[in-house]
Amino acid sequence: MNEYFLLPLASLPFPNINPILIQIGPLAVHWYGVGYIVGILFAWWYAKRLASNAKLWPNGVLPMKPEDLDDFIVWAAIGVVLGGRTGYVLFYDLARYIAHPLDIFAVWQGGMSFHGGLLGVILAMTLFSIKRGIRTWSLFDVVAAGVPVGLGLVRVANFINSELWGRPTDVPWAFEFPNGGPFTRHPSQLYEALLEGVVLFLVLRILTHSRLKLKTPRFVGGAFICGYGLSRIFVEFFREPDQQLGYLLGTNWLTMGMILSTPMVLAGIWAMLTAKPVTQPQPA
């Protein structure tokens, strides 16, 4: 740690945007919450557009009805919130919540895990698709295609909140975060917003519209899982690990984010390699 005090103090000025977008009396709307809401609504709208475009699907047969996605948005929201919170409690700060179990419900204090939220949504998609008679992987594909936008928005909100900042550095674009100590740090939240949000969305857009990979169920979903995992592992090399966990296994580089993302990369590769085009139409 001593070498960090030798880093230059020059850095980009932190914008100091109020984490609260709007406050009316005791009611406060945070950028973080807005990111989740807008992300979910965009994924719903985008999934409906994909599911309504017959040119993108095998034999021109639509995989589901638009009203199916109208109903699924409630399931998705529940899966994201319950899964994300449960994942954070189990993966990142279990000791604290065992000692203070009521804090589990204090979601306004922050603490959501993407990996937990993903598992929650996968469970919701599986149950919903079985109930509606929809091909599960096709539902996964259309939902996954729009998720990166929400991921990018939430990472920008992390930056506004001055949380999940990066490791100390002297790169010209470093920031000195208000609660990040006397160090200039990587804006790792913006790295994630770029890779998990913009780049991943564009890659999936190419797969759905140029490569027509929605005709090959689970390929787009696999590309999303693999793409997120690779992006997260890469950014973890620039991101400060959670204070309560630190680096794992006696290293100065391995983090919980890397460990949780590695199975995602492997699962995504498996999904893409084993995906096969649909040759027979299947009614929604």
# chains A, B, ... in the order shown; residues from 1 in each chain; ligands from 1
call {"tool": "select_by_dssp", "arguments": {"residues": "segment 244-282 of chain A", "states": "helix (DSSP H, G or I)", "output": "VMD selection string"}}
result
chain A and resid 256 to 274
call {"tool": "write_last_selection", "arguments": {"atoms": "C-alpha atoms", "output": "tab-separated table (two decimals), in the first residue's frame"}}
result
chain	number	residue	atom	x	y	z
A	256	MET	CA	-14.84	-12.82	-6.13
A	257	GLY	CA	-16.08	-11.21	-9.34
A	258	MET	CA	-13.56	-13.23	-11.34
A	259	ILE	CA	-14.51	-16.48	-9.61
A	260	LEU	CA	-18.23	-15.95	-10.19
A	261	SER	CA	-17.72	-14.88	-13.82
A	262	THR	CA	-15.52	-17.78	-14.92
A	263	PRO	CA	-18.40	-20.34	-14.94
A	264	MET	CA	-20.39	-17.83	-16.98
A	265	VAL	CA	-17.73	-17.78	-19.69
A	266	LEU	CA	-17.65	-21.58	-19.80
A	267	ALA	CA	-21.46	-21.86	-19.83
A	268	GLY	CA	-21.72	-19.26	-22.57
A	269	ILE	CA	-19.17	-21.03	-24.74
A	270	TRP	CA	-21.02	-24.32	-24.22
A	271	ALA	CA	-24.33	-22.71	-25.18
A	272	MET	CA	-22.93	-21.24	-28.39
A	273	LEU	CA	-21.08	-24.40	-29.43
A	274	THR	CA	-24.07	-26.68	-28.86
call {"tool": "residues_around", "arguments": {"residues": "segment 147-151 of chain A", "least_positions_apart": "3", "cutoff": "9 Å", "atoms": "only C-alpha atoms", "output": "JSON, numbers by chain"}}
result
{"A": [35, 36, 37, 38, 39, 40, 41, 42, 43, 114, 143, 144, 154, 155, 156, 192, 193, 195, 196, 197, 198, 199, 200, 201, 224, 228]}
call {"tool": "write_last_selection", "arguments": {"atoms": "N, CA, C and O atoms", "output": "mmCIF file, in the first residue's frame"}}
result
data_model
loop_
_atom_site.group_PDB
_atom_site.id
_atom_site.type_symbol
_atom_site.label_atom_id
_atom_site.label_comp_id
_atom_site.auth_asym_id
_atom_site.auth_seq_id
_atom_site.Cartn_x
_atom_site.Cartn_y
_atom_site.Cartn_z
ATOM 1 N N GLY A 35 -31.730 3.502 -12.863
ATOM 2 C CA GLY A 35 -30.999 2.645 -13.787
ATOM 3 C C GLY A 35 -31.631 1.273 -13.913
ATOM 4 O O GLY A 35 -31.783 0.735 -15.031
ATOM 5 N N TYR A 36 -32.022 0.693 -12.790
ATOM 6 C CA TYR A 36 -32.673 -0.617 -12.813
ATOM 7 C C TYR A 36 -34.018 -0.551 -13.530
ATOM 8 O O TYR A 36 -34.341 -1.407 -14.373
ATOM 9 N N ILE A 37 -34.822 0.453 -13.201
ATOM 10 C CA ILE A 37 -36.162 0.550 -13.785
ATOM 11 C C ILE A 37 -36.093 0.773 -15.294
ATOM 12 O O ILE A 37 -36.769 0.081 -16.070
ATOM 13 N N VAL A 38 -35.262 1.726 -15.717
ATOM 14 C CA VAL A 38 -35.136 2.004 -17.148
ATOM 15 C C VAL A 38 -34.561 0.790 -17.876
ATOM 16 O O VAL A 38 -34.986 0.443 -18.982
ATOM 17 N N GLY A 39 -33.598 0.108 -17.244
ATOM 18 C CA GLY A 39 -33.012 -1.082 -17.851
ATOM 19 C C GLY A 39 -34.035 -2.179 -18.062
ATOM 20 O O GLY A 39 -34.084 -2.817 -19.131
ATOM 21 N N ILE A 40 -34.875 -2.420 -17.068
ATOM 22 C CA ILE A 40 -35.908 -3.449 -17.181
ATOM 23 C C ILE A 40 -36.931 -3.074 -18.249
ATOM 24 O O ILE A 40 -37.332 -3.906 -19.080
ATOM 25 N N LEU A 41 -37.348 -1.798 -18.261
ATOM 26 C CA LEU A 41 -38.338 -1.353 -19.248
ATOM 27 C C LEU A 41 -37.777 -1.418 -20.664
ATOM 28 O O LEU A 41 -38.487 -1.801 -21.602
ATOM 29 N N PHE A 42 -36.493 -1.048 -20.828
ATOM 30 C CA PHE A 42 -35.904 -1.124 -22.166
ATOM 31 C C PHE A 42 -35.814 -2.581 -22.629
ATOM 32 O O PHE A 42 -36.129 -2.887 -23.787
ATOM 33 N N ALA A 43 -35.367 -3.475 -21.743
ATOM 34 C CA ALA A 43 -35.258 -4.885 -22.118
ATOM 35 C C ALA A 43 -36.624 -5.444 -22.519
ATOM 36 O O ALA A 43 -36.729 -6.246 -23.464
ATOM 37 N N PHE A 114 -24.926 -8.888 -9.595
ATOM 38 C CA PHE A 114 -25.400 -9.233 -10.934
ATOM 39 C C PHE A 114 -25.561 -10.731 -11.076
ATOM 40 O O PHE A 114 -26.539 -11.216 -11.658
ATOM 41 N N VAL A 143 -34.665 -11.767 -24.184
ATOM 42 C CA VAL A 143 -34.449 -10.962 -22.978
ATOM 43 C C VAL A 143 -32.987 -10.541 -22.878
ATOM 44 O O VAL A 143 -32.674 -9.375 -22.611
ATOM 45 N N ALA A 144 -32.074 -11.482 -23.125
ATOM 46 C CA ALA A 144 -30.644 -11.197 -23.001
ATOM 47 C C ALA A 144 -30.200 -10.103 -23.961
ATOM 48 O O ALA A 144 -29.313 -9.299 -23.639
ATOM 49 N N VAL A 154 -26.764 1.092 -14.873
ATOM 50 C CA VAL A 154 -26.491 0.852 -13.452
ATOM 51 C C VAL A 154 -25.033 1.137 -13.130
ATOM 52 O O VAL A 154 -24.711 1.683 -12.065
ATOM 53 N N ARG A 155 -24.114 0.804 -14.044
ATOM 54 C CA ARG A 155 -22.697 1.100 -13.808
ATOM 55 C C ARG A 155 -22.446 2.610 -13.781
ATOM 56 O O ARG A 155 -21.621 3.097 -12.995
ATOM 57 N N VAL A 156 -23.146 3.350 -14.630
ATOM 58 C CA VAL A 156 -23.025 4.806 -14.576
ATOM 59 C C VAL A 156 -23.540 5.312 -13.232
ATOM 60 O O VAL A 156 -22.954 6.231 -12.625
ATOM 61 N N GLU A 192 -16.843 -0.715 -17.097
ATOM 62 C CA GLU A 192 -17.896 -1.731 -17.148
ATOM 63 C C GLU A 192 -19.086 -1.234 -17.958
ATOM 64 O O GLU A 192 -19.700 -2.004 -18.711
ATOM 65 N N ALA A 193 -19.443 0.051 -17.793
ATOM 66 C CA ALA A 193 -20.563 0.594 -18.561
ATOM 67 C C ALA A 193 -20.289 0.483 -20.062
ATOM 68 O O ALA A 193 -21.190 0.170 -20.850
ATOM 69 N N LEU A 195 -18.059 -1.704 -21.635
ATOM 70 C CA LEU A 195 -17.943 -3.079 -22.113
ATOM 71 C C LEU A 195 -19.243 -3.869 -21.934
ATOM 72 O O LEU A 195 -19.731 -4.510 -22.868
ATOM 73 N N GLU A 196 -19.806 -3.841 -20.717
ATOM 74 C CA GLU A 196 -21.008 -4.620 -20.428
ATOM 75 C C GLU A 196 -22.243 -3.982 -21.042
ATOM 76 O O GLU A 196 -23.235 -4.671 -21.306
ATOM 77 N N GLY A 197 -22.186 -2.656 -21.253
ATOM 78 C CA GLY A 197 -23.335 -1.955 -21.792
ATOM 79 C C GLY A 197 -23.252 -1.742 -23.283
ATOM 80 O O GLY A 197 -23.893 -2.447 -24.067
ATOM 81 N N VAL A 198 -22.420 -0.819 -23.718
ATOM 82 C CA VAL A 198 -22.391 -0.418 -25.130
ATOM 83 C C VAL A 198 -21.864 -1.532 -26.030
ATOM 84 O O VAL A 198 -22.525 -1.934 -26.997
ATOM 85 N N VAL A 199 -20.654 -2.035 -25.725
ATOM 86 C CA VAL A 199 -20.025 -3.027 -26.608
ATOM 87 C C VAL A 199 -20.850 -4.309 -26.673
ATOM 88 O O VAL A 199 -21.105 -4.849 -27.758
ATOM 89 N N LEU A 200 -21.275 -4.816 -25.523
ATOM 90 C CA LEU A 200 -22.025 -6.071 -25.511
ATOM 91 C C LEU A 200 -23.364 -5.926 -26.230
ATOM 92 O O LEU A 200 -23.786 -6.830 -26.961
ATOM 93 N N PHE A 201 -24.035 -4.791 -26.063
ATOM 94 C CA PHE A 201 -25.297 -4.578 -26.772
ATOM 95 C C PHE A 201 -25.082 -4.590 -28.279
ATOM 96 O O PHE A 201 -25.856 -5.207 -29.027
ATOM 97 N N PHE A 224 -24.362 -13.576 -24.696
ATOM 98 C CA PHE A 224 -24.521 -12.594 -23.620
ATOM 99 C C PHE A 224 -23.800 -13.046 -22.349
ATOM 100 O O PHE A 224 -23.051 -12.279 -21.743
ATOM 101 N N TYR A 228 -20.555 -11.066 -21.021
ATOM 102 C CA TYR A 228 -20.540 -10.397 -19.716
ATOM 103 C C TYR A 228 -19.406 -10.942 -18.857
ATOM 104 O O TYR A 228 -18.681 -10.176 -18.211
#
call {"tool": "residues_around", "arguments": {"residues": "segment 13-30 of chain A", "least_positions_apart": "4", "cutoff": "10 Å", "atoms": "only C-alpha atoms", "output": "ChimeraX atom specification"}}
result
/A:34-35,108,157-162,173-178
call {"tool": "residues_around", "arguments": {"residues": "Ser129 of chain A", "least_positions_apart": "4", "cutoff": "12 Å", "atoms": "only C-alpha atoms", "output": "compact mmCIF listing (two decimals) with C-alpha atoms, in the first residue's frame"}}
result
# COMPACT_ATOMS: atom_id res chain seq x y z
CA PRO A 63 -41.69 -17.68 -30.70
CA MET A 64 -44.21 -16.02 -28.37
CA LYS A 65 -47.01 -13.50 -28.20
CA ASP A 68 -46.41 -12.91 -22.99
CA LEU A 69 -43.59 -10.40 -22.55
CA ASP A 71 -46.71 -10.49 -18.29
CA PHE A 72 -43.10 -11.62 -17.97
CA TRP A 75 -41.55 -12.02 -13.18
CA ALA A 76 -38.28 -10.52 -14.41
CA VAL A 121 -34.06 -14.12 -13.87
CA ILE A 122 -33.05 -17.52 -15.30
CA LEU A 123 -35.30 -19.21 -12.75
CA ALA A 124 -38.12 -16.78 -13.58
CA MET A 125 -37.69 -17.40 -17.33
CA GLY A 133 -45.46 -23.25 -23.45
CA ILE A 134 -42.67 -21.05 -24.85
CA ARG A 135 -39.28 -22.35 -25.94
CA THR A 136 -37.15 -21.46 -22.89
CA TRP A 137 -33.99 -20.64 -24.78
CA SER A 138 -35.84 -18.34 -27.20
CA LEU A 139 -37.21 -16.38 -24.25
CA PHE A 140 -33.69 -16.21 -22.83
CA ALA A 284 -45.86 -20.05 -29.71
call {"tool": "select_by_dssp", "arguments": {"residues": "segment 13-143 of chain A", "states": "strand (DSSP E or B)", "output": "list in words"}}
result
Ile20, Leu21, Ile22, Gln23, Ile24, Leu27, Ala28, Val29 and His30 of chain A
call {"tool": "write_last_selection", "arguments": {"atoms": "N, CA and C atoms", "output": "mmCIF file, in the first residue's frame"}}
result
data_model
loop_
_atom_site.group_PDB
_atom_site.id
_atom_site.type_symbol
_atom_site.label_atom_id
_atom_site.label_comp_id
_atom_site.auth_asym_id
_atom_site.auth_seq_id
_atom_site.Cartn_x
_atom_site.Cartn_y
_atom_site.Cartn_z
ATOM 1 N N ILE A 20 -29.177 11.364 -5.534
ATOM 2 C CA ILE A 20 -30.639 11.429 -5.524
ATOM 3 C C ILE A 20 -31.102 12.286 -6.695
ATOM 4 N N LEU A 21 -31.854 11.694 -7.592
ATOM 5 C CA LEU A 21 -32.341 12.424 -8.761
ATOM 6 C C LEU A 21 -33.434 13.406 -8.370
ATOM 7 N N ILE A 22 -34.413 12.923 -7.617
ATOM 8 C CA ILE A 22 -35.546 13.744 -7.195
ATOM 9 C C ILE A 22 -35.895 13.380 -5.756
ATOM 10 N N GLN A 23 -36.192 14.378 -4.952
ATOM 11 C CA GLN A 23 -36.640 14.116 -3.589
ATOM 12 C C GLN A 23 -37.820 15.010 -3.262
ATOM 13 N N ILE A 24 -38.914 14.362 -2.832
ATOM 14 C CA ILE A 24 -40.116 15.068 -2.403
ATOM 15 C C ILE A 24 -40.415 14.617 -0.986
ATOM 16 N N LEU A 27 -39.609 10.994 0.340
ATOM 17 C CA LEU A 27 -39.501 10.138 -0.845
ATOM 18 C C LEU A 27 -38.331 10.587 -1.708
ATOM 19 N N ALA A 28 -37.384 9.688 -1.920
ATOM 20 C CA ALA A 28 -36.203 10.007 -2.721
ATOM 21 C C ALA A 28 -36.064 9.005 -3.862
ATOM 22 N N VAL A 29 -35.831 9.522 -5.057
ATOM 23 C CA VAL A 29 -35.597 8.678 -6.234
ATOM 24 C C VAL A 29 -34.115 8.749 -6.561
ATOM 25 N N HIS A 30 -33.426 7.602 -6.452
ATOM 26 C CA HIS A 30 -31.988 7.547 -6.676
ATOM 27 C C HIS A 30 -31.683 7.171 -8.125
#
call {"tool": "residues_around", "arguments": {"residues": "Arg49 of chain A", "least_positions_apart": "4", "cutoff": "10 Å", "atoms": "only C-alpha atoms", "output": "list in words"}}
result
Ala43, Trp44, Trp45, Asn53, Pro66 and Val142 of chain A
call {"tool": "write_last_selection", "arguments": {"atoms": "all heavy atoms", "output": "mmCIF file, in the first residue's frame"}}
result
data_model
loop_
_atom_site.group_PDB
_atom_site.id
_atom_site.type_symbol
_atom_site.label_atom_id
_atom_site.label_comp_id
_atom_site.auth_asym_id
_atom_site.auth_seq_id
_atom_site.Cartn_x
_atom_site.Cartn_y
_atom_site.Cartn_z
ATOM 1 N N ALA A 43 -35.367 -3.475 -21.743
ATOM 2 C CA ALA A 43 -35.258 -4.885 -22.118
ATOM 3 C C ALA A 43 -36.624 -5.444 -22.519
ATOM 4 O O ALA A 43 -36.729 -6.246 -23.464
ATOM 5 C CB ALA A 43 -34.664 -5.687 -20.960
ATOM 6 N N TRP A 44 -37.670 -5.026 -21.818
ATOM 7 C CA TRP A 44 -39.033 -5.459 -22.150
ATOM 8 C C TRP A 44 -39.450 -4.937 -23.527
ATOM 9 O O TRP A 44 -39.937 -5.704 -24.367
ATOM 10 C CB TRP A 44 -39.990 -4.956 -21.074
ATOM 11 C CG TRP A 44 -41.432 -4.923 -21.460
ATOM 12 C CD1 TRP A 44 -42.254 -5.997 -21.671
ATOM 13 C CD2 TRP A 44 -42.238 -3.757 -21.685
ATOM 14 N NE1 TRP A 44 -43.516 -5.578 -22.017
ATOM 15 C CE2 TRP A 44 -43.540 -4.202 -22.028
ATOM 16 C CE3 TRP A 44 -41.991 -2.386 -21.607
ATOM 17 C CZ2 TRP A 44 -44.573 -3.315 -22.301
ATOM 18 C CZ3 TRP A 44 -43.022 -1.499 -21.887
ATOM 19 C CH2 TRP A 44 -44.296 -1.980 -22.229
ATOM 20 N N TRP A 45 -39.238 -3.623 -23.768
ATOM 21 C CA TRP A 45 -39.603 -3.028 -25.053
ATOM 22 C C TRP A 45 -38.810 -3.653 -26.194
ATOM 23 O O TRP A 45 -39.365 -3.985 -27.249
ATOM 24 C CB TRP A 45 -39.348 -1.521 -24.990
ATOM 25 C CG TRP A 45 -39.466 -0.826 -26.310
ATOM 26 C CD1 TRP A 45 -40.616 -0.411 -26.914
ATOM 27 C CD2 TRP A 45 -38.388 -0.464 -27.192
ATOM 28 N NE1 TRP A 45 -40.322 0.196 -28.114
ATOM 29 C CE2 TRP A 45 -38.968 0.179 -28.316
ATOM 30 C CE3 TRP A 45 -37.006 -0.598 -27.131
ATOM 31 C CZ2 TRP A 45 -38.194 0.654 -29.372
ATOM 32 C CZ3 TRP A 45 -36.245 -0.116 -28.181
ATOM 33 C CH2 TRP A 45 -36.838 0.501 -29.278
ATOM 34 N N ASN A 53 -40.711 -9.561 -34.870
ATOM 35 C CA ASN A 53 -40.094 -9.484 -36.194
ATOM 36 C C ASN A 53 -39.915 -10.895 -36.752
ATOM 37 O O ASN A 53 -38.966 -11.600 -36.414
ATOM 38 C CB ASN A 53 -38.743 -8.774 -36.089
ATOM 39 C CG ASN A 53 -38.134 -8.459 -37.448
ATOM 40 O OD1 ASN A 53 -38.542 -9.011 -38.475
ATOM 41 N ND2 ASN A 53 -37.156 -7.565 -37.460
ATOM 42 N N PRO A 66 -46.723 -11.071 -28.024
ATOM 43 C CA PRO A 66 -46.269 -9.860 -27.333
ATOM 44 C C PRO A 66 -46.792 -9.746 -25.910
ATOM 45 O O PRO A 66 -46.092 -9.289 -25.007
ATOM 46 C CB PRO A 66 -46.810 -8.732 -28.223
ATOM 47 C CG PRO A 66 -46.933 -9.347 -29.574
ATOM 48 C CD PRO A 66 -47.324 -10.775 -29.337
ATOM 49 N N VAL A 142 -34.243 -13.417 -26.364
ATOM 50 C CA VAL A 142 -34.817 -12.085 -26.588
ATOM 51 C C VAL A 142 -34.617 -11.187 -25.371
ATOM 52 O O VAL A 142 -34.423 -9.972 -25.501
ATOM 53 C CB VAL A 142 -36.315 -12.150 -26.955
ATOM 54 C CG1 VAL A 142 -36.510 -12.869 -28.273
ATOM 55 C CG2 VAL A 142 -37.140 -12.788 -25.866
#
call {"tool": "residues_around", "arguments": {"residues": "segment 93-96 of chain A", "least_positions_apart": "5", "cutoff": "9 Å", "atoms": "only C-alpha atoms", "output": "ChimeraX atom specification"}}
result
/A:88,101,103,244-245
call {"tool": "write_last_selection", "arguments": {"atoms": "N, CA and C atoms", "output": "PDB file, in the first residue's frame"}}
result
ATOM      1  N   TYR A  88     -25.938 -11.026  -3.382  1.00  0.00           N
ATOM      2  CA  TYR A  88     -25.005 -10.145  -2.667  1.00  0.00           C
ATOM      3  C   TYR A  88     -24.805 -10.622  -1.233  1.00  0.00           C
ATOM      4  N   PRO A 101     -29.336  -9.618  10.577  1.00  0.00           N
ATOM      5  CA  PRO A 101     -30.228 -10.173   9.536  1.00  0.00           C
ATOM      6  C   PRO A 101     -31.252  -9.170   9.010  1.00  0.00           C
ATOM      7  N   ASP A 103     -30.754  -6.220   8.175  1.00  0.00           N
ATOM      8  CA  ASP A 103     -30.127  -5.407   7.129  1.00  0.00           C
ATOM      9  C   ASP A 103     -30.345  -5.999   5.743  1.00  0.00           C
ATOM     10  N   GLN A 244     -14.626  -6.059   2.389  1.00  0.00           N
ATOM     11  CA  GLN A 244     -14.818  -7.160   3.329  1.00  0.00           C
ATOM     12  C   GLN A 244     -14.264  -8.479   2.810  1.00  0.00           C
ATOM     13  N   LEU A 245     -13.949  -8.527   1.503  1.00  0.00           N
ATOM     14  CA  LEU A 245     -13.403  -9.757   0.918  1.00  0.00           C
ATOM     15  C   LEU A 245     -11.934  -9.612   0.549  1.00  0.00           C
TER      16      LEU A 245
END
call {"tool": "closest_residue", "arguments": {"among": "A:Leu12, A:Ala54, A:Val235, A:Leu214", "to": "Asp141 of chain A", "atoms": "only C-alpha atoms"}}
result
A:Leu214
call {"tool": "closest_residue", "arguments": {"among": "A:Leu90, A:Ala145, A:Leu190, A:Ile206", "to": "Glu163 of chain A", "atoms": "only C-alpha atoms"}}
result
A:Leu190
call {"tool": "atom_distance", "arguments": {"atom1": "atom CA of Pro187 of chain A", "atom2": "atom CA of Leu119 of chain A"}}
result
27.2 Å
call {"tool": "closest_residue", "arguments": {"among": "A:Leu230, A:Lys131, A:Phe237, A:Tyr92", "to": "Thr169 of chain A", "atoms": "only C-alpha atoms"}}
result
A:Phe237
call {"tool": "closest_residue", "arguments": {"among": "A:Trp31, A:Phe128, A:Ile73, A:Val89", "to": "Leu102 of chain A", "atoms": "only C-alpha atoms"}}
result
A:Val89
